[in-house]
Structure formats: structure tokens, C-alpha cells
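**Student:** Quick one: the structure is below, questions incoming.
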Amino acid sequence: MNDNLSDIELIRQVLRENNPRAFEMLMQRYSLQVYSTALRLMHDEEDAAEVTQMAFIQAYKQLASWQGGNFGSWVTVIANHIGLRLLEKEKRRGEVRFDDVRCTTDLADVADETYNEQKEQQLQALEQAITQLPEQEQQIIRWHYYEGVPLQQIAYRLGQTENNIKVRLFRIRERLKKKIEHGNNN
Amino acid sequence: METITDYELDTLFQQSAQQHKAVEQINRRVMRTVRRDMWLKTLRKWAKLLGLCFGLPVAVVVYIYALFVFMPEIPEQLQIVYIAIPIATILGLAVQRLRYFSPEV
């Protein structure tokens with residue numbers, strides 16, 4: 001499927017053709033944005049994951065009522081509503097957290113970390129800085145840091161020497177550092 | 001100016017990768033629900049079609065058969081009711097269909 005399809009075209013495909021791949025593409029576009037918002041609201045990674053999941057499922061069920069505009073913003077609004085409702089419920093219940101009633105999740109590896117506003121800002125600055133890099137440099141970063149591909153393998157894939165990749169990676173890192181520092185100071 | 005060390009950048013990459021992993025898990029779980037729902041929708045569509053193609057003719061045949069078998073044995077007023085009810089049902093269904101008719105679906 002074409003990655004350049006607009007949100008509205010993807011939504012049409014979901015509604016008219018019942019195409020799950022179209023909804024998956026929409027999710028891939030916006031799930032990190034929605035998750036970050038949920039994290040800012042819930043201050044807990046598991047709760048944020050739960051809210052994000054519920055928001056996308058609700059968005060899917062109400063897709064026919066979407067009235068245009070930015071799909072990501074729409075889902076973010078839904079996530080905010082869900083998050084606030086859960087926080088309200090939690091508050092009413094007193095000390096009982098909604099972990100007890102939550103569906104089983106498999107996010108143990110990302111849980112147990114308390115929310116940190118500055119860390120979250122730096123992470124967003126990093127994400128943004130990565131998207132501003134040229135396509136090939138983004139690919140190097142994705143392979144090396146997100147997929148754990150060794151430098152030797154990256155060099156092979158790009159038809160370059162390992163030393164060349166090391167130098168490029170060093171330069172990319174310096175640029176990213178500067179951009180994050182710049183982001184922090186704004 | 002606050003500077004970022006190599007260690008801090010590595011930590012950020014690690015945390016970012018963890019977030020990406022978490023988001024991928026969320027995406028997978030949502031997609032499971034979405035796929036199941038789409039599958040059920042397709043199933044319902046086919047069930048409706050089969051019902052229309054086979055269920056409706058069967059119902060009509062059974063009704064006409066019953067008409068021939070039982071009609072001579074029942075009183076005249078009931079005969080009118082017996083004929084009027086299915087006609088009203090069919091008309092009602094047709095009106096309902098037309099009200100919710102959408103060329104897009």
C-alpha cells in the first residue's frame with residue numbers, strides 16, 4: 001500500500017473497503033504522538049499504553065463520525081477524554097489504582113519508570129531531530145539504535161566500510177546532540 | 001547552555017527505543033481488535049446476503065404452502081389477517097431499507 005496516502009484516503013479505505021492495513025498505517029503515523037500525550041497526562045507508562053490502546057479502538061469504532069481535520073489530533077482528543085475519565089475514576093476510588101481492573105498487558109519491560117517531564121521533552125526533541133535528518137541517516141539511526149543492527153551489517157547493507165559508518169554515526173550524533181540542546185533551551 | 005553527554009544521548013536512544021517497542025505492542029493489540037471486528041463485519045454481510053438469497057425464498061415458499069394448506073380451514077376474517085400481516089411486514093421492511101439507504105455502503 002502507498003505510504004503517501006493522505007489520512008482521508010486511508011479512512012475512506014477503512015470505511016468502504018474494510019481494509020485493516022489502512023487503519024494500521026494511520027496508527028503507525030500517530031500512535032507515538034497519542035502515546036506521548038497520554039504519558040504526559042497519566043504520568044505512568046502502563047496507564048499511557050492503556051489509554052492509547054483504548055483511544056485508537058474508540059477512534060476505529062467512531063471512524064464514520066470523523067469530520068475531517070488532523071486524524072492524530074482527533075485521536076489525541078479522544079485519548080485525553082479517556083485519560084481524564086480514568087483519572088477521575090481513580091480519584092473517586094481513593095487509593096485503589098486501576099491496575100486492578102486493567103486488562104492484562106505485556107509491557108513489563110517499559111513499566112516501573114516514573115514519568116519525568118524533562119526526559120519526555122528530550123525524547124520528543126530527539127524524535128523530532130531524527131525526522132529532520134536525511135532519509136539515509138534516519139535509516140542508520142533506526143537500524144543501529146532501534147533494531148540493534150551491528151555497524152558491520154549496516155556498512156554491508158549500504159555498501160560502505162565500517163569505519164565510514166562509524167564516522168557518519170559520530171557526526172549524526174553530534175548533530176542530534178546540538179538539536180536536542182537547542183530544543184531544551186527553547 | 002545545557003549540554004548533552006554521549007551517555008545521556010545513549011540513554012535517550014534506549015528510552016526512545018523502549019517507547020517505540022511499547023507503541024508497537026499497542027499497535028499490535030489494537031490491530032487484533034480491529035481485524036476481529038472487520039472479520040465479523042464481513043461475516044455479518046455474507047450472512048445477510050445468504051439470508052436474503054436463501055432465507056427469503058424459503059420463507060415465501062413456506063408461507064405460500066401454509067396458505068394453501070390451512071386457508072380453507074380458517075374463518076374468513078382470519079384469512080384477511082393471515083394475508084395482511086406478511087404484506088405489512090414486507091412493506092415495513094422495504095420502507096425501513098429505503099430510509100437508511102446509502103449508495104456508499
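Labeling convention for the C-alpha cells: chains A, B, ... as they appear, residues from 1 per chain, ligands from 1 in order of appearance.
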Return the neighbours of chain B among the residues of chain A, cut-off 7 Å, counting only C-alpha atoms, as a list of chain:residue names.
**Tutor:**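 Going by the stated atoms only, the list reads A:Arg16, A:Asn18, A:Pro20, A:Glu24, A:Met27, A:Ser31, A:Leu32, A:Ala49, A:Gln53, A:Phe56, A:Ile57, A:Leu107, A:Val110, A:Leu123, A:Tyr145, A:Tyr146, A:Lys177, A:Glu181.
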**Student:** Okay, now the selection with N, CA and C atoms, as a short mmCIF file (atom, residue, chain, number, x, y, z; two decimals), in the first residue's frame?
**Tutor:**
```
data_model
loop_
_atom_site.label_atom_id
_atom_site.label_comp_id
_atom_site.auth_asym_id
_atom_site.auth_seq_id
_atom_site.Cartn_x
_atom_site.Cartn_y
_atom_site.Cartn_z
N ARG A 16 -14.87 2.04 3.44
CA ARG A 16 -15.52 1.48 2.24
C ARG A 16 -15.04 0.07 1.93
N ASN A 18 -13.16 -1.87 4.10
CA ASN A 18 -12.90 -2.69 5.28
C ASN A 18 -11.44 -3.14 5.30
N PRO A 20 -7.94 -3.41 6.80
CA PRO A 20 -7.26 -3.23 8.08
C PRO A 20 -5.89 -2.57 7.95
N GLU A 24 -3.99 0.40 10.11
CA GLU A 24 -2.66 0.15 10.69
C GLU A 24 -1.70 1.29 10.33
N MET A 27 -2.44 4.27 12.38
CA MET A 27 -1.92 4.09 13.74
C MET A 27 -0.43 4.32 13.79
N SER A 31 0.49 6.89 16.56
CA SER A 31 0.44 6.26 17.88
C SER A 31 1.47 6.85 18.84
N LEU A 32 2.65 7.22 18.33
CA LEU A 32 3.67 7.78 19.23
C LEU A 32 3.21 9.14 19.77
N ALA A 49 -0.14 3.49 27.96
CA ALA A 49 -0.34 2.47 26.93
C ALA A 49 -1.80 2.06 26.87
N GLN A 53 -4.29 2.63 23.69
CA GLN A 53 -5.00 1.49 23.08
C GLN A 53 -6.51 1.75 23.02
N PHE A 56 -7.45 4.44 20.36
CA PHE A 56 -7.45 4.00 18.96
C PHE A 56 -8.64 3.08 18.66
N ILE A 57 -8.99 2.24 19.64
CA ILE A 57 -10.13 1.35 19.42
C ILE A 57 -11.41 2.19 19.31
N LEU A 107 3.61 -5.25 29.08
CA LEU A 107 4.55 -4.15 28.90
C LEU A 107 5.51 -4.06 30.08
N VAL A 110 8.70 -1.95 29.88
CA VAL A 110 8.71 -0.49 29.84
C VAL A 110 8.04 0.11 31.08
N LEU A 123 13.12 13.39 24.89
CA LEU A 123 12.76 12.31 23.97
C LEU A 123 12.03 12.86 22.74
N TYR A 145 20.11 1.92 16.54
CA TYR A 145 19.61 2.13 17.90
C TYR A 145 18.25 1.50 18.16
N TYR A 146 17.44 1.34 17.14
CA TYR A 146 16.09 0.82 17.38
C TYR A 146 15.97 -0.67 17.05
N LYS A 177 22.77 15.86 19.13
CA LYS A 177 23.03 16.46 20.46
C LYS A 177 22.75 17.97 20.40
N GLU A 181 19.94 19.96 22.49
CA GLU A 181 20.34 21.08 23.37
C GLU A 181 19.58 22.34 22.99
#
```
**Student:** Could you list, as a ChimeraX atom specification, every residue within 12 Å of A:Leu133, counting only C-alpha atoms and ignoring same-chain residues fewer than 4 positions away?
**Tutor:** /A:126-129,137-142,169,171-173,175-176,179
**Student:** Which residues are close to B:Ala66, i.e. within 12 Å by only C-alpha atoms, leaving aside same-chain residues fewer than 6 positions away? Reply as a PyMOL selection string.
**Tutor:** chain B and resi 59-60+72-74+79+82-83
**Student:** Filtering to C-alpha atoms, could you give me those residues as an mmCIF file, in the first residue's frame?
**Tutor:**
```cif
data_model
loop_
_atom_site.group_PDB
_atom_site.id
_atom_site.type_symbol
_atom_site.label_atom_id
_atom_site.label_comp_id
_atom_site.auth_asym_id
_atom_site.auth_seq_id
_atom_site.Cartn_x
_atom_site.Cartn_y
_atom_site.Cartn_z
ATOM 1 C CA ALA B 59 -39.891 -18.129 3.960
ATOM 2 C CA VAL B 60 -42.040 -17.223 0.952
ATOM 3 C CA PRO B 72 -59.748 -23.481 3.622
ATOM 4 C CA GLU B 73 -59.862 -24.432 7.320
ATOM 5 C CA ILE B 74 -59.723 -20.949 8.909
ATOM 6 C CA GLN B 79 -57.806 -15.173 6.316
ATOM 7 C CA TYR B 82 -53.196 -14.014 7.522
ATOM 8 C CA ILE B 83 -52.618 -12.236 4.224
#
```
**Student:** What is the distance, in Å and to one decimal place, between atom CA of A:Gln124 and atom CA of A:Arg29?
**Tutor:** 15.0 Å
**Student:** List as a PyMOL selection string the protein and nucleic acid residues near stretch 58-67 of chain A, meaning an atom at most 8 Å away when only C-alpha atoms are counted, but skip any in the same chain fewer than 3 places from it.
**Tutor:** (chain A and resi 11+15+23+54-55+75+78) or (chain B and resi 34)
**Student:** Store the residues picked out above in a file with C-alpha atoms, as a PDB file, in the first residue's frame.
**Tutor:**
```pdb
ATOM      1  CA  ILE A  11     -10.001   6.447   6.342  1.00  0.00           C
ATOM      2  CA  LEU A  15     -14.798   2.545   5.822  1.00  0.00           C
ATOM      3  CA  PHE A  23      -6.030   1.653   9.746  1.00  0.00           C
ATOM      4  CA  MET A  54      -8.498   2.468  24.198  1.00  0.00           C
ATOM      5  CA  ALA A  55      -8.320   5.734  22.231  1.00  0.00           C
ATOM      6  CA  VAL A  75      -7.364  10.579  18.434  1.00  0.00           C
ATOM      7  CA  ILE A  78     -10.174  11.037  22.475  1.00  0.00           C
TER       8      ILE A  78
ATOM      9  CA  VAL B  34      -9.718  -4.089  14.505  1.00  0.00           C
TER      10      VAL B  34
END
```
**Student:** Using the chain letters and numbers from this document, which residues of stretch 14-186 of chain A does DSSP assign to helix (DSSP H, G or I), as an MDAnalysis selection string?
**Tutor:** chainID A and resid 14:17 20:42 45:61 63:65 71:93 108:110 117:131 135:146 151:158 162:185
**Student:** As an exercise, work out the distance from atom CA of A:Glu46 to atom CA of A:Ile180 in Å and give it to one decimal place.
**Tutor:** 26.1 Å
